[in-house]
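Trainee: Contents of entry21.txt (compact mmCIF, C-alpha atoms and all ligand atoms) are below:
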```txt
# COMPACT_ATOMS: atom_id res chain seq x y z
CA MET A 1 -41.33 -15.16 0.30
CA LYS A 2 -37.63 -15.34 1.02
CA ILE A 3 -35.83 -16.64 -2.03
CA GLY A 4 -32.22 -17.79 -2.30
CA ILE A 5 -30.63 -18.08 -5.72
CA LEU A 6 -27.74 -20.51 -5.80
CA SER A 7 -25.45 -18.97 -8.36
CA ARG A 8 -21.76 -18.15 -8.56
CA LYS A 9 -22.27 -14.67 -9.96
CA SER A 10 -25.00 -12.04 -9.61
CA SER A 11 -23.98 -10.49 -12.90
CA LEU A 12 -25.01 -13.48 -15.05
CA TYR A 13 -28.07 -12.67 -17.15
CA SER A 14 -30.23 -15.49 -15.78
CA THR A 15 -29.30 -14.74 -12.17
CA ARG A 16 -29.92 -11.03 -12.66
CA ARG A 17 -33.33 -11.66 -14.23
CA MET A 18 -34.37 -14.03 -11.42
CA VAL A 19 -33.43 -11.35 -8.85
CA GLU A 20 -35.36 -8.69 -10.77
CA ALA A 21 -38.44 -10.88 -11.20
CA ALA A 22 -38.45 -11.83 -7.51
CA LYS A 23 -38.19 -8.17 -6.41
CA GLU A 24 -40.88 -7.08 -8.87
CA ARG A 25 -43.22 -9.54 -7.23
CA GLY A 26 -42.41 -8.28 -3.76
CA HIS A 27 -40.10 -11.02 -2.53
CA GLU A 28 -36.92 -10.86 -0.53
CA VAL A 29 -34.12 -12.32 -2.61
CA ARG A 30 -30.44 -13.06 -2.21
CA VAL A 31 -27.80 -14.57 -4.48
CA ILE A 32 -25.86 -17.27 -2.65
CA ASP A 33 -22.57 -18.61 -4.00
CA PRO A 34 -22.89 -22.41 -3.53
CA LEU A 35 -19.12 -22.78 -3.24
CA ARG A 36 -19.12 -20.51 -0.16
CA CYS A 37 -21.76 -22.59 1.64
CA TYR A 38 -20.52 -25.01 4.28
CA MET A 39 -22.38 -27.16 6.71
CA ASP A 40 -22.41 -29.65 9.51
CA ILE A 41 -24.25 -32.47 7.79
CA THR A 42 -24.63 -34.54 10.96
CA SER A 43 -26.46 -31.85 12.93
CA HIS A 44 -29.98 -32.74 14.14
CA ARG A 45 -31.04 -29.33 12.93
CA PRO A 46 -29.75 -29.18 9.37
CA SER A 47 -28.40 -25.73 8.56
CA ILE A 48 -26.12 -23.99 6.13
CA HIS A 49 -23.33 -21.60 7.01
CA TYR A 50 -22.38 -18.82 4.65
CA ARG A 51 -19.49 -16.43 5.11
CA GLY A 52 -19.74 -16.72 8.89
CA GLU A 53 -23.53 -16.50 9.21
CA ILE A 54 -26.30 -19.09 9.25
CA LEU A 55 -28.79 -19.07 6.38
CA GLU A 56 -32.29 -19.18 7.79
CA GLY A 57 -35.89 -18.63 6.92
CA TYR A 58 -35.75 -19.38 3.21
CA ASP A 59 -38.96 -20.51 1.48
CA VAL A 60 -37.49 -21.18 -1.95
CA VAL A 61 -34.09 -22.02 -3.34
CA VAL A 62 -33.47 -21.52 -7.04
CA PRO A 63 -30.52 -23.64 -8.18
CA ARG A 64 -28.49 -22.20 -11.04
CA ILE A 65 -25.64 -24.67 -10.67
CA GLY A 66 -23.09 -24.71 -13.47
CA ALA A 67 -21.96 -28.03 -14.91
CA SER A 68 -18.45 -27.59 -13.50
CA ILE A 69 -19.72 -27.52 -9.89
CA THR A 70 -22.55 -30.08 -10.10
CA PHE A 71 -21.13 -32.24 -7.33
CA TYR A 72 -20.72 -29.57 -4.65
CA GLY A 73 -23.69 -27.53 -5.84
CA THR A 74 -26.14 -30.43 -5.57
CA ALA A 75 -24.79 -31.31 -2.11
CA VAL A 76 -25.58 -27.77 -0.95
CA LEU A 77 -29.00 -27.93 -2.57
CA ARG A 78 -29.67 -31.27 -0.83
CA GLN A 79 -28.94 -29.60 2.49
CA PHE A 80 -31.53 -26.91 1.71
CA GLU A 81 -33.98 -29.72 0.90
CA MET A 82 -33.29 -31.36 4.26
CA MET A 83 -34.09 -28.03 5.88
CA GLY A 84 -37.47 -28.17 4.13
CA VAL A 85 -36.78 -25.30 1.72
CA PHE A 86 -38.67 -25.72 -1.58
CA PRO A 87 -36.17 -26.31 -4.40
CA LEU A 88 -37.26 -25.03 -7.78
CA ASN A 89 -35.54 -28.14 -9.15
CA GLU A 90 -34.47 -30.82 -6.75
CA SER A 91 -30.93 -32.10 -6.38
CA VAL A 92 -31.64 -35.64 -7.56
CA ALA A 93 -33.24 -34.40 -10.77
CA ILE A 94 -30.31 -32.08 -11.46
CA SER A 95 -27.77 -34.88 -10.96
CA ARG A 96 -29.74 -37.08 -13.34
CA SER A 97 -29.92 -34.43 -16.01
CA ARG A 98 -26.17 -33.85 -15.93
CA ASP A 99 -25.45 -37.36 -17.15
CA LYS A 100 -26.62 -37.71 -20.74
CA LEU A 101 -26.60 -41.49 -20.68
CA ARG A 102 -28.58 -41.79 -17.45
CA SER A 103 -31.10 -39.23 -18.73
CA LEU A 104 -31.60 -40.99 -22.04
CA GLN A 105 -32.04 -44.35 -20.30
CA LEU A 106 -34.75 -42.87 -18.06
CA LEU A 107 -36.50 -41.22 -20.99
CA ALA A 108 -36.32 -44.41 -23.06
CA ARG A 109 -37.84 -46.41 -20.22
CA LYS A 110 -40.86 -44.11 -20.28
CA GLY A 111 -41.23 -44.30 -24.05
CA VAL A 112 -40.10 -40.75 -24.88
CA GLY A 113 -38.86 -40.54 -28.50
CA LEU A 114 -35.06 -40.40 -28.76
CA PRO A 115 -32.46 -40.67 -31.51
CA VAL A 116 -31.09 -44.24 -31.66
CA THR A 117 -28.28 -44.18 -29.11
CA GLY A 118 -25.56 -46.66 -28.13
CA PHE A 119 -22.97 -46.99 -25.45
CA ALA A 120 -19.95 -49.27 -25.18
CA HIS A 121 -16.82 -49.67 -23.15
CA SER A 122 -14.40 -51.97 -24.92
CA PRO A 123 -12.39 -51.07 -28.02
CA ASP A 124 -13.26 -54.57 -29.27
CA ASP A 125 -16.90 -53.48 -29.56
CA ILE A 126 -16.45 -50.22 -31.46
CA LYS A 127 -17.28 -51.63 -34.90
CA ASP A 128 -20.35 -53.45 -33.66
CA VAL A 129 -21.80 -50.59 -31.62
CA ILE A 130 -21.47 -48.36 -34.70
CA LYS A 131 -23.45 -50.97 -36.61
CA VAL A 132 -26.05 -51.21 -33.84
CA VAL A 133 -26.87 -47.47 -34.10
CA GLY A 134 -27.14 -47.69 -37.89
CA GLY A 135 -23.63 -46.82 -39.11
CA ALA A 136 -22.18 -43.49 -40.27
CA PRO A 137 -22.83 -40.62 -40.31
CA LEU A 138 -23.19 -40.55 -36.55
CA VAL A 139 -22.80 -38.24 -33.62
CA ILE A 140 -20.37 -38.97 -30.78
CA LYS A 141 -20.89 -37.18 -27.46
CA MET A 142 -19.06 -36.92 -24.19
CA LEU A 143 -21.49 -37.82 -21.41
CA GLU A 144 -20.84 -34.69 -19.41
CA GLY A 145 -20.27 -32.11 -22.12
CA THR A 146 -22.27 -28.88 -22.43
CA GLN A 147 -22.62 -26.00 -24.85
CA GLY A 148 -21.81 -28.21 -27.81
CA ILE A 149 -18.26 -28.94 -26.65
CA GLY A 150 -17.57 -32.66 -26.84
CA VAL A 151 -20.13 -33.30 -29.58
CA VAL A 152 -18.63 -34.53 -32.86
CA LEU A 153 -20.15 -35.54 -36.19
CA ALA A 154 -18.36 -38.48 -37.78
CA GLU A 155 -19.18 -38.72 -41.48
CA THR A 156 -17.68 -42.15 -42.08
CA GLU A 157 -17.31 -45.33 -40.06
CA LYS A 158 -13.53 -44.98 -40.13
CA ALA A 159 -13.77 -41.43 -38.74
CA ALA A 160 -16.21 -42.65 -36.07
CA GLU A 161 -13.82 -45.39 -34.99
CA SER A 162 -10.88 -43.03 -34.61
CA VAL A 163 -12.90 -40.38 -32.77
CA ILE A 164 -14.22 -42.99 -30.33
CA GLU A 165 -10.70 -44.32 -29.80
CA ALA A 166 -9.42 -40.80 -29.21
CA PHE A 167 -12.10 -40.05 -26.58
CA TRP A 168 -11.45 -43.34 -24.83
CA GLY A 169 -7.73 -42.63 -24.93
CA LEU A 170 -8.51 -39.50 -22.91
CA ARG A 171 -10.62 -41.60 -20.53
CA ALA A 172 -13.79 -39.74 -21.56
CA ASN A 173 -17.14 -41.54 -21.44
CA ILE A 174 -19.08 -41.17 -24.64
CA LEU A 175 -22.26 -42.23 -26.35
CA VAL A 176 -22.84 -42.74 -30.06
CA GLN A 177 -26.02 -41.55 -31.68
CA GLU A 178 -27.84 -41.65 -34.96
CA PHE A 179 -27.32 -38.34 -36.83
CA ILE A 180 -30.67 -36.66 -37.51
CA LYS A 181 -29.76 -35.09 -40.82
CA GLU A 182 -33.23 -33.83 -41.68
CA ALA A 183 -33.12 -31.51 -38.63
CA GLY A 184 -30.86 -29.39 -40.86
CA GLY A 185 -28.62 -28.12 -38.07
CA ALA A 186 -31.61 -26.88 -36.07
CA ASP A 187 -33.18 -27.91 -32.81
CA ILE A 188 -36.07 -26.66 -30.72
CA ARG A 189 -35.54 -25.45 -27.16
CA CYS A 190 -38.77 -25.88 -25.20
CA PHE A 191 -38.81 -24.02 -21.91
CA VAL A 192 -40.97 -26.03 -19.54
CA ILE A 193 -42.34 -24.76 -16.23
CA GLY A 194 -44.46 -27.26 -14.32
CA GLU A 195 -46.82 -28.88 -16.79
CA LYS A 196 -46.48 -26.29 -19.55
CA VAL A 197 -44.15 -25.19 -22.32
CA VAL A 198 -44.11 -21.45 -21.61
CA ALA A 199 -41.80 -20.45 -24.47
CA ALA A 200 -39.99 -22.11 -27.33
CA MET A 201 -37.35 -21.16 -29.84
CA LYS A 202 -35.73 -22.70 -32.85
CA ARG A 203 -31.96 -22.60 -32.81
CA GLN A 204 -30.21 -22.77 -36.15
CA ALA A 205 -26.55 -23.66 -36.38
CA LYS A 206 -24.35 -21.24 -38.26
CA GLU A 207 -23.32 -22.07 -41.82
CA GLY A 208 -21.18 -25.21 -42.05
CA GLU A 209 -21.93 -26.31 -38.44
CA PHE A 210 -24.39 -28.96 -37.25
CA ARG A 211 -24.49 -27.92 -33.59
CA SER A 212 -27.15 -25.31 -32.95
CA ASN A 213 -25.87 -24.18 -29.53
CA LEU A 214 -25.98 -20.40 -29.17
CA HIS A 215 -22.51 -20.67 -27.61
CA ARG A 216 -21.35 -22.19 -30.92
CA GLY A 217 -22.70 -19.28 -32.95
CA GLY A 218 -26.25 -20.57 -33.47
CA SER A 219 -29.10 -18.09 -33.87
CA ALA A 220 -32.53 -18.20 -32.26
CA THR A 221 -35.98 -17.40 -33.61
CA ILE A 222 -39.42 -18.12 -32.23
CA THR A 223 -41.22 -21.17 -33.51
CA LYS A 224 -44.65 -22.65 -33.16
CA LEU A 225 -44.76 -26.09 -31.59
CA SER A 226 -46.96 -28.95 -32.69
CA PRO A 227 -49.15 -30.51 -29.99
CA GLU A 228 -46.92 -33.60 -30.13
CA GLU A 229 -43.82 -31.49 -29.52
CA ARG A 230 -45.49 -29.84 -26.56
CA THR A 231 -46.50 -33.09 -24.91
CA THR A 232 -43.07 -34.61 -25.61
CA ALA A 233 -41.32 -31.68 -23.89
CA VAL A 234 -43.61 -31.74 -20.85
CA ARG A 235 -43.31 -35.51 -20.50
CA ALA A 236 -39.52 -35.37 -20.76
CA ALA A 237 -39.32 -32.78 -17.97
CA ARG A 238 -41.67 -34.84 -15.83
CA VAL A 239 -39.71 -38.08 -16.33
CA MET A 240 -36.56 -36.27 -15.23
CA GLY A 241 -38.37 -34.90 -12.18
CA LEU A 242 -37.64 -31.29 -13.18
CA ASN A 243 -40.10 -28.46 -12.52
CA VAL A 244 -38.17 -26.11 -14.73
CA ALA A 245 -36.35 -27.50 -17.74
CA GLY A 246 -35.01 -26.69 -21.16
CA VAL A 247 -35.98 -29.64 -23.31
CA ASP A 248 -34.11 -29.84 -26.61
CA ILE A 249 -35.92 -31.55 -29.43
CA LEU A 250 -34.84 -32.53 -32.94
CA ARG A 251 -37.50 -32.46 -35.65
CA SER A 252 -37.07 -35.81 -37.37
CA LYS A 253 -39.08 -37.51 -40.06
CA HIS A 254 -40.41 -39.82 -37.34
CA GLY A 255 -41.61 -36.94 -35.17
CA PRO A 256 -40.01 -35.11 -32.24
CA LEU A 257 -36.92 -36.71 -30.69
CA VAL A 258 -35.58 -35.52 -27.36
CA MET A 259 -31.87 -34.83 -27.41
CA GLU A 260 -31.35 -33.59 -23.90
CA VAL A 261 -33.05 -32.04 -20.90
CA ASN A 262 -31.29 -29.13 -19.21
CA SER A 263 -31.90 -28.39 -15.54
CA SER A 264 -30.49 -24.83 -15.54
CA PRO A 265 -31.74 -23.54 -18.88
CA GLY A 266 -30.42 -20.08 -19.74
CA LEU A 267 -32.95 -17.24 -19.77
CA GLU A 268 -31.27 -14.82 -22.12
CA GLY A 269 -31.80 -16.64 -25.43
CA ILE A 270 -35.38 -17.61 -24.68
CA GLU A 271 -36.47 -14.23 -23.24
CA VAL A 272 -34.94 -12.31 -26.10
CA ALA A 273 -36.33 -14.65 -28.79
CA SER A 274 -39.83 -14.94 -27.27
CA GLY A 275 -40.17 -11.49 -25.69
CA LYS A 276 -41.65 -13.23 -22.65
CA ASP A 277 -40.98 -12.65 -18.97
CA VAL A 278 -39.85 -16.24 -18.32
CA ALA A 279 -38.14 -15.27 -15.04
CA GLY A 280 -41.46 -13.86 -13.80
CA MET A 281 -43.23 -17.10 -14.72
CA ILE A 282 -40.65 -19.09 -12.75
CA ILE A 283 -41.25 -16.93 -9.67
CA GLN A 284 -45.03 -17.38 -10.11
CA PHE A 285 -44.52 -21.15 -10.21
CA ALA A 286 -42.48 -20.95 -6.99
CA GLU A 287 -45.22 -18.89 -5.33
CA LYS A 288 -47.74 -21.63 -6.07
CA ASN A 289 -45.56 -24.56 -5.04
CA ALA A 290 -43.31 -23.36 -2.24
CA LYS A 291 -44.50 -25.48 0.63
CA PRO A 292 -42.01 -26.94 3.11
CA HIS A 293 -40.71 -30.35 2.04
CA ASN A 294 -42.57 -30.22 -1.25
CA THR A 295 -40.16 -32.47 -3.16
CA ARG A 296 -40.39 -35.92 -4.65
CA THR A 297 -37.40 -37.29 -2.75
CA ARG A 298 -36.76 -34.93 0.20
CA GLY A 299 -33.08 -35.09 -0.58
CA LYS A 300 -33.09 -38.85 -0.09
CA GLY A 301 -31.97 -39.79 -3.62
P1 LIG B 1 -24.64 -30.17 -25.43
O1 LIG B 1 -25.05 -30.64 -24.07
O2 LIG B 1 -23.17 -29.96 -25.51
O3 LIG B 1 -25.46 -29.00 -25.87
P2 LIG B 1 -26.20 -31.74 -27.31
O4 LIG B 1 -26.50 -33.15 -27.18
O5 LIG B 1 -27.30 -30.78 -27.01
O6 LIG B 1 -24.93 -31.40 -26.41
O7 LIG B 1 -25.67 -31.47 -28.78
C1 LIG B 1 -25.26 -30.18 -29.24
C2 LIG B 1 -25.93 -29.83 -30.58
O8 LIG B 1 -25.53 -30.77 -31.60
C3 LIG B 1 -27.44 -29.92 -30.55
O9 LIG B 1 -28.00 -28.71 -30.10
C4 LIG B 1 -27.80 -30.24 -31.99
O10 LIG B 1 -27.88 -29.07 -32.77
C5 LIG B 1 -26.62 -31.07 -32.46
N1 LIG B 1 -26.91 -32.51 -32.33
C6 LIG B 1 -26.72 -33.26 -31.22
N2 LIG B 1 -27.10 -34.54 -31.40
C7 LIG B 1 -27.56 -34.62 -32.66
C8 LIG B 1 -28.09 -35.70 -33.44
N3 LIG B 1 -28.20 -36.93 -32.95
N4 LIG B 1 -28.48 -35.41 -34.72
C9 LIG B 1 -28.36 -34.15 -35.21
N5 LIG B 1 -27.85 -33.11 -34.52
C10 LIG B 1 -27.45 -33.33 -33.26
MG MG B 2 -27.56 -28.99 -25.88
```
Would you put the structure from the file into structure tokens?
Mentor:
Amino acid sequence: MKIGILSRKSSLYSTRRMVEAAKERGHEVRVIDPLRCYMDITSHRPSIHYRGEILEGYDVVVPRIGASITFYGTAVLRQFEMMGVFPLNESVAISRSRDKLRSLQLLARKGVGLPVTGFAHSPDDIKDVIKVVGGAPLVIKMLEGTQGIGVVLAETEKAAESVIEAFWGLRANILVQEFIKEAGGADIRCFVIGEKVVAAMKRQAKEGEFRSNLHRGGSATITKLSPEERTTAVRAARVMGLNVAGVDILRSKHGPLVMEVNSSPGLEGIEVASGKDVAGMIIQFAEKNAKPHNTRTRGKG
């Protein structure tokens, strides 16, 4: 197959591993910087131009689109979809996953377990929305944050009110969420490919921190999932329309609660913790599914 990896840098661990895994399995592979792709979107024959040439003959496109370039990156991916190239994850699903509120609403609609979560707009409603999600302590999150940045734990209602006011003052959209204390600063990253969790790790926040993100100093170890955790992770990925996803779960006293679903889950943490060739499994999935126009939306979303 001819595989294009949409990524800004070939030196990133995940990009490097995808290239290696594709070559190992005998494929032709190229890293394509999405910000250097340009196109005539009105052409009858959709195509993509790249540094003066036309990109042609691709069977698979693997999007590794960073949160800071979601808008342009998904537009480029959509163009690949219109050309019939099989996207490992499709553009619509990636856009969905980048908005925490939209994702949680979709998951809730399908009955996936979530922490109690609220959303409000007017300063007049701060006190009441805090009450609606069960009062302090609670977690306040920016809708488009990643890597733990923009996630705050407010221990008291007063603190919650001022943090919400501060975010709004900066014109940031936020959600408020029940704090799952019993998770003990840990969450479970389930790496889903297709209909299976292929690897999982427990991430533990460093001492004195509640956010388990590896970028915030968290540490990863392998963990065994319960059958309920497995089905929750697979269902969450399916609801989002993602073939490959990192589903983050909190272990609560009411069972597994999905916190978020990532559409470009990093490979380094999970491969190192699990010792598994996750990149190879992604390529295998692509081999099985790469048929022209094999998407749910064909770029129509
Ligand atoms: P980001 O997209 O920035 O990673 P998350 O929603 O994943 O944002 O939150 C970052 C971390 O904060 C999580 O990995 C988890 O450890 C912790 N966390 C987030 N929400 C909650 C919550 N409701 N209860 C307990 N811990 C939480
Ligand atoms: Mg996270």
Trainee: Taking all atoms listed in the file into account, produce a table as a Markdown table in which each residue of stretch 172-241 of chain A with an atom at most 6 Å from an atom of stretch 126-145 of chain A appears once, together with its shortest atom pair and the distance in Å to one decimal, ordered by chain and rising number.
Mentor:
```
| residue | atom | partner | partner_atom | distance |
| --- | --- | --- | --- | --- |
| A:Asn173 | CA | A:Met142 | CA | 5.7 |
| A:Ile174 | CA | A:Met142 | CA | 4.3 |
| A:Leu175 | CA | A:Lys141 | CA | 5.3 |
| A:Val176 | CA | A:Ile140 | CA | 4.6 |
| A:Gln177 | CA | A:Val139 | CA | 5.0 |
| A:Glu178 | CA | A:Leu138 | CA | 5.0 |
| A:Phe179 | CA | A:Leu138 | CA | 4.7 |
```
Trainee: Name the residues in contact with A:Leu214 at a cut-off of 8 Å, using all atoms listed in the file, excluding same-chain residues fewer than 3 positions from it; report them as an MDAnalysis selection string.
Mentor: chainID A and resid 147 203 205 217:220 269
Trainee: Expressed in Å to a single decimal, how great is the separation between atom CA of A:Gly280 and atom CA of A:Gly73?
Mentor: 23.8 Å
Trainee: Which is closest to ligand MG 2 (chain B) among A:Arg216, A:Lys2, A:His293, A:Lys158, if we use all atoms listed in the file?
Mentor: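 So, comparing all the options, the nearest one is A:Arg216.
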Trainee: (-39.4, -19.4, -33.0) in this file's frame - what residues fall within 8 Å of it? Use only C-alpha atoms and give the answer as a compact mmCIF listing (two decimals) with C-alpha atoms, in the frame of the given file.
Mentor:
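Heads up, here's the output in out33.txt:
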```
# COMPACT_ATOMS: atom_id res chain seq x y z
CA ALA A 200 -39.99 -22.11 -27.33
CA MET A 201 -37.35 -21.16 -29.84
CA LYS A 202 -35.73 -22.70 -32.85
CA ALA A 220 -32.53 -18.20 -32.26
CA THR A 221 -35.98 -17.40 -33.61
CA ILE A 222 -39.42 -18.12 -32.23
CA THR A 223 -41.22 -21.17 -33.51
CA LYS A 224 -44.65 -22.65 -33.16
CA ALA A 273 -36.33 -14.65 -28.79
CA SER A 274 -39.83 -14.94 -27.27
```
Trainee: From the set A:Phe71, A:Phe210, A:Trp168, A:Tyr13, which residue has the shortest atom-to-atom contact distance to A:Val152, counting all atoms listed in the file?
Mentor: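 For A:Val152, the nearest of the candidates is A:Phe210.
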Trainee: Write out as an MDAnalysis selection string which residues come within 8 Å of A:Ile32 when counting all atoms listed in the file, dropping same-chain ones fewer than 2 positions away.
Mentor: chainID A and resid 4:8 30 34 36:37
Trainee: Set the distance at 12 Å and use all atoms listed in the file: which residues neighbour A:Lys110 once local chain neighbours fewer than 4 positions away are removed? I'd like the list as an MDAnalysis selection string.
Mentor: chainID A and resid 103:106 114 232 235:240
Trainee: Which distance in Å separates atom CA of A:Asp187 and atom CA of A:Ala154, to one decimal?
Mentor: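 Calculated distance between atom CA of A:Asp187 and atom CA of A:Ala154 is 18.9 Å.
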Trainee: Kindly compile the residues surrounding ligand MG 2 (chain B) within 10 Å, counting only C-alpha atoms and all ligand atoms, and format them as a list in words.
Mentor: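 Sorted by chain and then by number, the residues are Gly145, Thr146, Gln147, Gly148, Ile149, Val151, Asp187, Arg189, Arg211, Ser212, Asn213, Leu214, His215, Gly246, Val247, Asp248, Ile249, Met259, Glu260, Val261, Asn262 and Pro265 of chain A.
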Trainee: What's the separation between atom CA of A:Asn243 and atom CA of A:Leu77, in Å to one decimal place?
Mentor: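 Going from atom CA of A:Asn243 over to atom CA of A:Leu77 covers 14.9 Å.
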Trainee: Around all listed atoms of ligand LIG 1 (chain B), padded 4 Å per side, what centre and edge lengths does the axis-aligned box have in Å to one decimal, as lines of an AutoDock Vina configuration file?
Mentor:
```
center_x = -25.8
center_y = -32.8
center_z = -29.6
size_x = 13.3
size_y = 16.2
size_z = 19.1
```
Trainee: Which neighbours of A:Ala22 fall inside 7 Å, counting only C-alpha atoms, when residues of the same chain fewer than 5 positions from it are skipped, and could you give them as a ChimeraX atom specification?
Mentor: /A:27,29,283
Trainee: Here is a test: counting only C-alpha atoms and all ligand atoms, which residue of A:Lys206, A:Lys291, A:His121, A:Lys9 is nearest to ligand LIG 1 (chain B)?
Mentor: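 Looking only at the distances to ligand LIG 1 (chain B), the closest residue turns out to be A:Lys206.
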Trainee: Which residue, A:Asn289, A:Thr295, A:Thr156, A:Ser263, has the smallest gap to ligand LIG 1 (chain B) when you use only C-alpha atoms and all ligand atoms?
Mentor: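 Once distances to ligand LIG 1 (chain B) are computed over only C-alpha atoms and all ligand atoms, the minimum belongs to A:Ser263.
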Trainee: For ligand LIG 1 (chain B), which residue out of A:Ile164, A:Ile48, A:Ala67, A:Ala290 is the nearest one, using all atoms listed in the file?
Mentor: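 Looking only at the distances to ligand LIG 1 (chain B), the closest residue turns out to be A:Ala67.
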Trainee: Would you mind telling me which residue in A:Val258, A:Ile3, A:Met39, A:Ile282 lies nearest to ligand LIG 1 (chain B) when using only C-alpha atoms and all ligand atoms?
Mentor: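 Ranked by minimum distance to ligand LIG 1 (chain B), first place goes to A:Val258.
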Trainee: Got a sec: who's within 12 Å of A:Val92, counting only C-alpha atoms, leaving out chain neighbours fewer than 5 positions off, as number ranges by chain?
Mentor: A: 70-71, 73-78, 81, 87, 97-99, 103, 240-242, 263, 295-301
